[in-house]
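Visitor: Structure supplied as query27.pdb; contents: PDB, C-alpha atoms.
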```
ATOM      1  CA  GLY A 193      -9.116  12.760  11.837  1.00  0.00           C
ATOM      2  CA  TYR A 194      -8.787  14.618  15.091  1.00  0.00           C
ATOM      3  CA  ILE A 195      -8.433  18.263  15.909  1.00  0.00           C
ATOM      4  CA  LEU A 196      -5.649  18.988  18.365  1.00  0.00           C
ATOM      5  CA  ASN A 197      -5.322  22.091  20.497  1.00  0.00           C
ATOM      6  CA  LYS A 198      -1.620  22.400  19.699  1.00  0.00           C
ATOM      7  CA  ARG A 199      -0.882  25.063  22.303  1.00  0.00           C
ATOM      8  CA  ALA A 200      -2.436  23.014  25.120  1.00  0.00           C
ATOM      9  CA  PHE A 201      -0.688  19.868  23.827  1.00  0.00           C
ATOM     10  CA  LEU A 202       2.738  21.543  23.803  1.00  0.00           C
ATOM     11  CA  GLU A 203       2.185  23.067  27.247  1.00  0.00           C
ATOM     12  CA  GLU A 204       1.275  19.644  28.639  1.00  0.00           C
ATOM     13  CA  MET A 205       4.336  18.052  27.021  1.00  0.00           C
ATOM     14  CA  ALA A 206       6.563  20.744  28.547  1.00  0.00           C
ATOM     15  CA  ARG A 207       4.941  20.278  31.956  1.00  0.00           C
ATOM     16  CA  LEU A 208       5.475  16.511  31.864  1.00  0.00           C
ATOM     17  CA  ALA A 209       9.080  16.926  30.677  1.00  0.00           C
ATOM     18  CA  PHE A 210       9.752  19.398  33.496  1.00  0.00           C
ATOM     19  CA  GLN A 211       8.239  17.021  36.066  1.00  0.00           C
ATOM     20  CA  ALA A 212      10.528  14.280  34.734  1.00  0.00           C
ATOM     21  CA  GLY A 213      13.582  16.479  35.342  1.00  0.00           C
ATOM     22  CA  ALA A 214      14.066  18.208  31.989  1.00  0.00           C
ATOM     23  CA  GLU A 215      15.132  21.814  31.773  1.00  0.00           C
ATOM     24  CA  VAL A 216      12.558  23.652  29.641  1.00  0.00           C
ATOM     25  CA  TRP A 217      13.565  26.696  27.596  1.00  0.00           C
ATOM     26  CA  THR A 218      10.890  28.725  25.865  1.00  0.00           C
ATOM     27  CA  GLU A 219      11.587  31.098  22.993  1.00  0.00           C
ATOM     28  CA  ALA A 220      14.950  29.420  22.328  1.00  0.00           C
ATOM     29  CA  VAL A 221      16.192  28.789  18.797  1.00  0.00           C
ATOM     30  CA  ALA A 222      18.850  26.258  17.776  1.00  0.00           C
ATOM     31  CA  ASN A 223      20.845  27.979  15.054  1.00  0.00           C
ATOM     32  CA  GLN A 224      23.704  25.490  14.690  1.00  0.00           C
ATOM     33  CA  LEU A 225      23.896  21.718  15.038  1.00  0.00           C
ATOM     34  CA  LEU A 226      27.266  19.965  15.009  1.00  0.00           C
ATOM     35  CA  ARG A 227      28.557  16.524  16.002  1.00  0.00           C
ATOM     36  CA  HIS A 228      31.729  16.047  18.010  1.00  0.00           C
ATOM     37  CA  ASN A 229      32.984  12.852  19.727  1.00  0.00           C
ATOM     38  CA  GLY A 230      29.554  11.206  19.612  1.00  0.00           C
ATOM     39  CA  LEU A 231      27.761  14.213  21.079  1.00  0.00           C
ATOM     40  CA  PHE A 232      25.574  16.762  19.403  1.00  0.00           C
ATOM     41  CA  ARG A 233      26.562  20.333  19.983  1.00  0.00           C
ATOM     42  CA  CYS A 234      23.836  22.882  19.461  1.00  0.00           C
ATOM     43  CA  VAL A 235      24.349  26.604  19.536  1.00  0.00           C
ATOM     44  CA  VAL A 236      21.102  27.891  20.994  1.00  0.00           C
ATOM     45  CA  ALA A 237      20.005  31.507  20.984  1.00  0.00           C
ATOM     46  CA  THR A 238      17.951  32.508  24.018  1.00  0.00           C
ATOM     47  CA  ASN A 239      16.934  35.789  25.562  1.00  0.00           C
ATOM     48  CA  LYS A 240      20.186  35.509  27.576  1.00  0.00           C
ATOM     49  CA  GLY A 241      22.357  35.288  24.438  1.00  0.00           C
ATOM     50  CA  GLU A 242      23.883  32.294  22.697  1.00  0.00           C
ATOM     51  CA  GLN A 243      24.717  29.156  24.641  1.00  0.00           C
ATOM     52  CA  LEU A 244      26.426  25.908  23.670  1.00  0.00           C
ATOM     53  CA  VAL A 245      24.356  22.870  24.605  1.00  0.00           C
ATOM     54  CA  GLU A 246      25.698  19.312  24.395  1.00  0.00           C
ATOM     55  CA  ALA A 247      23.395  16.325  24.199  1.00  0.00           C
ATOM     56  CA  LYS A 248      23.527  12.598  23.520  1.00  0.00           C
ATOM     57  CA  ILE A 249      20.122  12.743  21.844  1.00  0.00           C
ATOM     58  CA  VAL A 250      18.504  15.433  19.703  1.00  0.00           C
ATOM     59  CA  ILE A 251      14.847  15.231  18.719  1.00  0.00           C
ATOM     60  CA  GLY A 252      13.970  17.394  15.747  1.00  0.00           C
ATOM     61  CA  CYS A 253      10.485  18.772  16.315  1.00  0.00           C
ATOM     62  CA  ASP A 254      11.378  22.183  15.011  1.00  0.00           C
ATOM     63  CA  GLY A 255       8.907  22.446  12.168  1.00  0.00           C
ATOM     64  CA  VAL A 256       8.774  22.399   8.410  1.00  0.00           C
ATOM     65  CA  ASN A 257      12.131  24.165   7.999  1.00  0.00           C
ATOM     66  CA  SER A 258      13.790  21.938  10.594  1.00  0.00           C
ATOM     67  CA  LEU A 259      17.459  22.640  11.281  1.00  0.00           C
ATOM     68  CA  VAL A 260      17.790  19.088  12.617  1.00  0.00           C
ATOM     69  CA  ALA A 261      16.326  17.558   9.449  1.00  0.00           C
ATOM     70  CA  ARG A 262      18.423  19.763   7.149  1.00  0.00           C
ATOM     71  CA  ARG A 263      21.648  18.913   8.987  1.00  0.00           C
ATOM     72  CA  SER A 264      20.971  15.212   9.592  1.00  0.00           C
ATOM     73  CA  PHE A 265      18.915  13.728   6.774  1.00  0.00           C
ATOM     74  CA  ASN A 266      18.734  13.540   3.013  1.00  0.00           C
ATOM     75  CA  ARG A 267      15.515  15.366   2.113  1.00  0.00           C
ATOM     76  CA  LYS A 268      15.631  14.500  -1.586  1.00  0.00           C
ATOM     77  CA  GLY A 269      12.441  15.688  -3.258  1.00  0.00           C
ATOM     78  CA  TYR A 270      11.210  17.508  -0.126  1.00  0.00           C
ATOM     79  CA  ARG A 271       8.490  19.930  -1.222  1.00  0.00           C
ATOM     80  CA  VAL A 272       6.250  22.398   0.559  1.00  0.00           C
ATOM     81  CA  ILE A 273       3.250  24.446  -0.527  1.00  0.00           C
ATOM     82  CA  PRO A 274       2.083  27.800   0.831  1.00  0.00           C
ATOM     83  CA  CYS A 275      -0.965  27.527   3.078  1.00  0.00           C
ATOM     84  CA  VAL A 276      -3.165  30.187   4.617  1.00  0.00           C
ATOM     85  CA  GLN A 277      -5.775  29.701   7.321  1.00  0.00           C
ATOM     86  CA  TYR A 278      -8.448  31.849   8.913  1.00  0.00           C
ATOM     87  CA  GLN A 279     -10.011  31.236  12.285  1.00  0.00           C
ATOM     88  CA  MET A 280     -13.626  32.262  11.690  1.00  0.00           C
ATOM     89  CA  ASP A 281     -16.742  32.520  13.816  1.00  0.00           C
ATOM     90  CA  ASN A 282     -20.426  32.387  12.844  1.00  0.00           C
ATOM     91  CA  CYS A 283     -19.747  29.660  10.278  1.00  0.00           C
ATOM     92  CA  HIS A 284     -22.607  27.409   9.229  1.00  0.00           C
ATOM     93  CA  LEU A 285     -21.079  23.962   9.803  1.00  0.00           C
ATOM     94  CA  ILE A 286     -22.656  20.761   8.541  1.00  0.00           C
ATOM     95  CA  ASP A 287     -21.554  18.866  11.653  1.00  0.00           C
ATOM     96  CA  LYS A 288     -19.528  20.258  14.545  1.00  0.00           C
ATOM     97  CA  ARG A 289     -17.489  17.021  14.669  1.00  0.00           C
ATOM     98  CA  THR A 290     -16.798  16.528  10.943  1.00  0.00           C
ATOM     99  CA  LEU A 291     -13.632  17.720   9.229  1.00  0.00           C
ATOM    100  CA  GLU A 292     -14.330  18.771   5.654  1.00  0.00           C
ATOM    101  CA  MET A 293     -11.851  18.677   2.773  1.00  0.00           C
ATOM    102  CA  PHE A 294     -12.336  20.078  -0.738  1.00  0.00           C
ATOM    103  CA  VAL A 295     -10.114  19.298  -3.719  1.00  0.00           C
ATOM    104  CA  GLY A 296     -10.099  20.223  -7.373  1.00  0.00           C
ATOM    105  CA  ASN A 297      -8.379  22.801  -9.524  1.00  0.00           C
ATOM    106  CA  ASN A 298     -11.471  25.024  -9.420  1.00  0.00           C
ATOM    107  CA  VAL A 299     -11.145  25.153  -5.601  1.00  0.00           C
ATOM    108  CA  ALA A 300      -7.390  25.106  -5.020  1.00  0.00           C
ATOM    109  CA  PRO A 301      -5.114  24.412  -8.012  1.00  0.00           C
ATOM    110  CA  ASP A 302      -2.924  21.422  -7.099  1.00  0.00           C
ATOM    111  CA  GLY A 303      -4.037  21.763  -3.478  1.00  0.00           C
ATOM    112  CA  TYR A 304      -6.937  21.495  -1.075  1.00  0.00           C
ATOM    113  CA  VAL A 305      -9.251  23.406   1.256  1.00  0.00           C
ATOM    114  CA  TRP A 306     -10.083  22.366   4.812  1.00  0.00           C
ATOM    115  CA  ILE A 307     -12.753  23.285   7.338  1.00  0.00           C
ATOM    116  CA  PHE A 308     -11.946  22.147  10.876  1.00  0.00           C
ATOM    117  CA  PRO A 309     -14.872  22.827  13.234  1.00  0.00           C
ATOM    118  CA  LYS A 310     -13.841  24.044  16.676  1.00  0.00           C
ATOM    119  CA  GLY A 311     -17.311  24.260  18.279  1.00  0.00           C
ATOM    120  CA  LYS A 312     -20.013  26.935  18.606  1.00  0.00           C
ATOM    121  CA  GLY A 313     -19.765  28.083  14.980  1.00  0.00           C
ATOM    122  CA  LEU A 314     -15.990  28.537  15.215  1.00  0.00           C
ATOM    123  CA  ALA A 315     -13.833  26.905  12.522  1.00  0.00           C
ATOM    124  CA  ASN A 316     -10.367  26.913  11.038  1.00  0.00           C
ATOM    125  CA  VAL A 317     -10.843  27.434   7.311  1.00  0.00           C
ATOM    126  CA  GLY A 318      -7.699  27.079   5.244  1.00  0.00           C
ATOM    127  CA  LEU A 319      -6.183  26.348   1.889  1.00  0.00           C
ATOM    128  CA  GLY A 320      -2.913  25.065   0.492  1.00  0.00           C
ATOM    129  CA  THR A 321      -2.042  25.338  -3.178  1.00  0.00           C
ATOM    130  CA  GLN A 322       0.889  25.247  -5.542  1.00  0.00           C
ATOM    131  CA  GLY A 323      -0.933  26.600  -8.553  1.00  0.00           C
ATOM    132  CA  ALA A 324      -2.144  30.041  -7.449  1.00  0.00           C
ATOM    133  CA  PRO A 325      -1.847  32.601  -4.623  1.00  0.00           C
ATOM    134  CA  ALA A 326      -3.212  30.821  -1.530  1.00  0.00           C
ATOM    135  CA  ARG A 327      -4.975  33.758   0.108  1.00  0.00           C
ATOM    136  CA  ARG A 328      -6.739  34.797  -3.078  1.00  0.00           C
ATOM    137  CA  CYS A 329      -7.975  31.200  -3.569  1.00  0.00           C
ATOM    138  CA  LEU A 330      -9.181  30.985   0.047  1.00  0.00           C
ATOM    139  CA  ASP A 331     -11.064  34.277  -0.225  1.00  0.00           C
ATOM    140  CA  ARG A 332     -12.673  33.049  -3.479  1.00  0.00           C
ATOM    141  CA  PHE A 333     -13.695  29.760  -1.807  1.00  0.00           C
ATOM    142  CA  ILE A 334     -15.350  31.628   1.060  1.00  0.00           C
ATOM    143  CA  LYS A 335     -17.188  33.986  -1.324  1.00  0.00           C
ATOM    144  CA  THR A 336     -18.469  31.064  -3.406  1.00  0.00           C
ATOM    145  CA  HIS A 337     -19.954  29.380  -0.314  1.00  0.00           C
ATOM    146  CA  PRO A 338     -22.223  32.122   1.083  1.00  0.00           C
ATOM    147  CA  HIS A 339     -24.542  29.608   2.750  1.00  0.00           C
ATOM    148  CA  ARG A 340     -21.571  28.599   4.938  1.00  0.00           C
ATOM    149  CA  PHE A 341     -19.834  31.934   5.515  1.00  0.00           C
ATOM    150  CA  LYS A 342     -22.362  34.756   4.904  1.00  0.00           C
ATOM    151  CA  LYS A 343     -22.378  35.800   8.592  1.00  0.00           C
ATOM    152  CA  ALA A 344     -18.845  34.628   9.343  1.00  0.00           C
ATOM    153  CA  ARG A 345     -15.955  36.909  10.162  1.00  0.00           C
ATOM    154  CA  VAL A 346     -12.223  36.343  10.302  1.00  0.00           C
ATOM    155  CA  LEU A 347     -10.831  36.440  13.839  1.00  0.00           C
ATOM    156  CA  LYS A 348      -7.237  35.449  13.071  1.00  0.00           C
ATOM    157  CA  MET A 349      -5.153  34.700  10.036  1.00  0.00           C
ATOM    158  CA  GLY A 350      -2.044  32.570   9.767  1.00  0.00           C
ATOM    159  CA  ALA A 351       0.169  31.297   6.991  1.00  0.00           C
ATOM    160  CA  ALA A 352       2.869  28.646   6.808  1.00  0.00           C
ATOM    161  CA  PRO A 353       4.523  26.256   4.406  1.00  0.00           C
ATOM    162  CA  VAL A 354       3.208  22.673   4.630  1.00  0.00           C
ATOM    163  CA  PRO A 355       5.132  19.609   3.401  1.00  0.00           C
ATOM    164  CA  ILE A 356       3.534  17.682   0.537  1.00  0.00           C
ATOM    165  CA  GLY A 357       6.269  15.322  -0.539  1.00  0.00           C
ATOM    166  CA  GLY A 358       9.813  14.105  -0.230  1.00  0.00           C
ATOM    167  CA  GLN A 359       9.445  12.080   2.975  1.00  0.00           C
ATOM    168  CA  VAL A 360      12.900  11.388   4.374  1.00  0.00           C
ATOM    169  CA  GLU A 361      13.920   7.765   3.956  1.00  0.00           C
ATOM    170  CA  GLU A 362      15.388   7.621   7.462  1.00  0.00           C
ATOM    171  CA  ILE A 363      13.901   9.394  10.461  1.00  0.00           C
ATOM    172  CA  VAL A 364      16.355   8.043  13.071  1.00  0.00           C
ATOM    173  CA  GLN A 365      20.141   7.970  13.077  1.00  0.00           C
ATOM    174  CA  ASP A 366      22.606   6.406  15.502  1.00  0.00           C
TER     175      ASP A 366
END
```
Would you put the structure from the file into structure tokens?

Guide:
Amino acid sequence: GYILNKRAFLEEMARLAFQAGAEVWTEAVANQLLRHNGLFRCVVATNKGEQLVEAKIVIGCDGVNSLVARRSFNRKGYRVIPCVQYQMDNCHLIDKRTLEMFVGNNVAPDGYVWIFPKGKGLANVGLGTQGAPARRCLDRFIKTHPHRFKKARVLKMGAAPVPIGGQVEEIVQD
């Protein structure tokens, strides 16, 4: 596996799109997606109000609760689990280049724990589960691994749903 600096990746994609002639809108949200005469019509909310945008092509990279996916594809069996992640420093990591995964109902009921090293004792430590409260399970995992996290501290916390099943049969239309 690879660790990706998502923010830097998205900024670079936006820069390249802009250089290729695209108009880049930040902090815009598509809140409607319709089709009319072969064109997509998106109602997009921006800091300037709502605008109607027409496009021949729409790429749905709008996350786990994708408006594009909900409006365009059958997501039969689509399931998500709650996940929580801490960015921690002063972690004792086995190898600064090795991603670690832990599974088992004693760790995360019907889920998993991850440790993604970020360098210099910094790591993303997270957990996804469907069988118990995610944050409580993550805190328990950290407490039961004092040799790894005794001197560590939480710098940031985040939570999000993560898909675990129900892959759409089609990912492209028209």

Visitor: Taking the file as shown, find all residues satisfying the PyMOL selection byres ((chain A and resi 224-233) around 9) and write them as a PyMOL selection string.

Guide: chain A and resi 222-223+234-236+244-250+259-260+263-264

Visitor: Calculate how many Å separate CA of Asp331 in chain A from CA of Asp281 in chain A, rounding to one decimal.

Guide: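 Distance reported for this atom pair: 15.2 Å.
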
Visitor: Do you have, as JSON lines, the list of residues of range 228-282 of chain A lying at most 6 Å from range 317-325 of chain A, each with its nearest atom pair and that distance in Å to one decimal, counting all atoms listed in the file and ordered by chain then number?

Guide:
```
{"residue": "A:Ile273", "atom": "CA", "partner": "A:Gln322", "partner_atom": "CA", "distance": 5.6}
{"residue": "A:Pro274", "atom": "CA", "partner": "A:Gly320", "partner_atom": "CA", "distance": 5.7}
{"residue": "A:Cys275", "atom": "CA", "partner": "A:Gly320", "partner_atom": "CA", "distance": 4.1}
{"residue": "A:Val276", "atom": "CA", "partner": "A:Gly318", "partner_atom": "CA", "distance": 5.5}
{"residue": "A:Gln277", "atom": "CA", "partner": "A:Gly318", "partner_atom": "CA", "distance": 3.9}
{"residue": "A:Tyr278", "atom": "CA", "partner": "A:Val317", "partner_atom": "CA", "distance": 5.3}
```

Visitor: Would you compute the distance between CA of Pro338 in chain A and CA of Ile286 in chain A? Give it in Å to one decimal.

Guide: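 Between CA of Pro338 in chain A and CA of Ile286 in chain A the gap is 13.6 Å.
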
Visitor: Considering all atoms listed in the file, can you say which of A:Ala237, A:Gly357, A:Trp306, A:His284 comes closest to Phe341 in chain A?

Guide: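 The shortest atom-to-atom distance to Phe341 in chain A comes from A:His284.
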
Visitor: Apply the PyMOL selection byres ((chain A and resi 287) around 12) to the displayed file and report the matching residues as a count of residues only.

Guide: 19

Visitor: Kindly extract all protein, DNA and RNA residues lying within 12 Å of the coordinates (16.5, 26.9, 29.6) given in the file, considering only C-alpha atoms, and supply them as a list of chain:residue names.

Guide: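 Checking each residue against the 12 Å limit leaves A:Ala206, A:Phe210, A:Ala214, A:Glu215, A:Val216, A:Trp217, A:Thr218, A:Glu219, A:Ala220, A:Val221, A:Val236, A:Ala237, A:Thr238, A:Asn239, A:Lys240, A:Gly241, A:Glu242, A:Gln243, A:Leu244, A:Val245.
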
Visitor: Using the chain letters and numbers from the file, give me the residues hit by the PyMOL selection byres ((chain A and resi 297-300) around 8), as a list of chain:residue names.

Guide: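 Here the PyMOL selection byres ((chain A and resi 297-300) around 8) matches A:Phe294, A:Val295, A:Gly296, A:Pro301, A:Asp302, A:Gly303, A:Tyr304, A:Val305, A:Leu319, A:Gly320, A:Thr321, A:Gly323, A:Ala324, A:Ala326, A:Cys329, A:Leu330, A:Phe333.
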
Visitor: Please measure the separation of CA of Arg262 in chain A and CA of Val360 in chain A, giving the value in Å to one decimal.

Guide: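 Atom-to-atom, CA of Arg262 in chain A to CA of Val360 in chain A, that is 10.4 Å.
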
Visitor: Measuring atom to atom with only C-alpha atoms, identify which of A:Ile363, A:Arg267, A:Gly358, A:Leu208 is nearest to Gly252 in chain A.

Guide: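 Counting only C-alpha atoms, the residue closest to Gly252 in chain A is A:Ile363.
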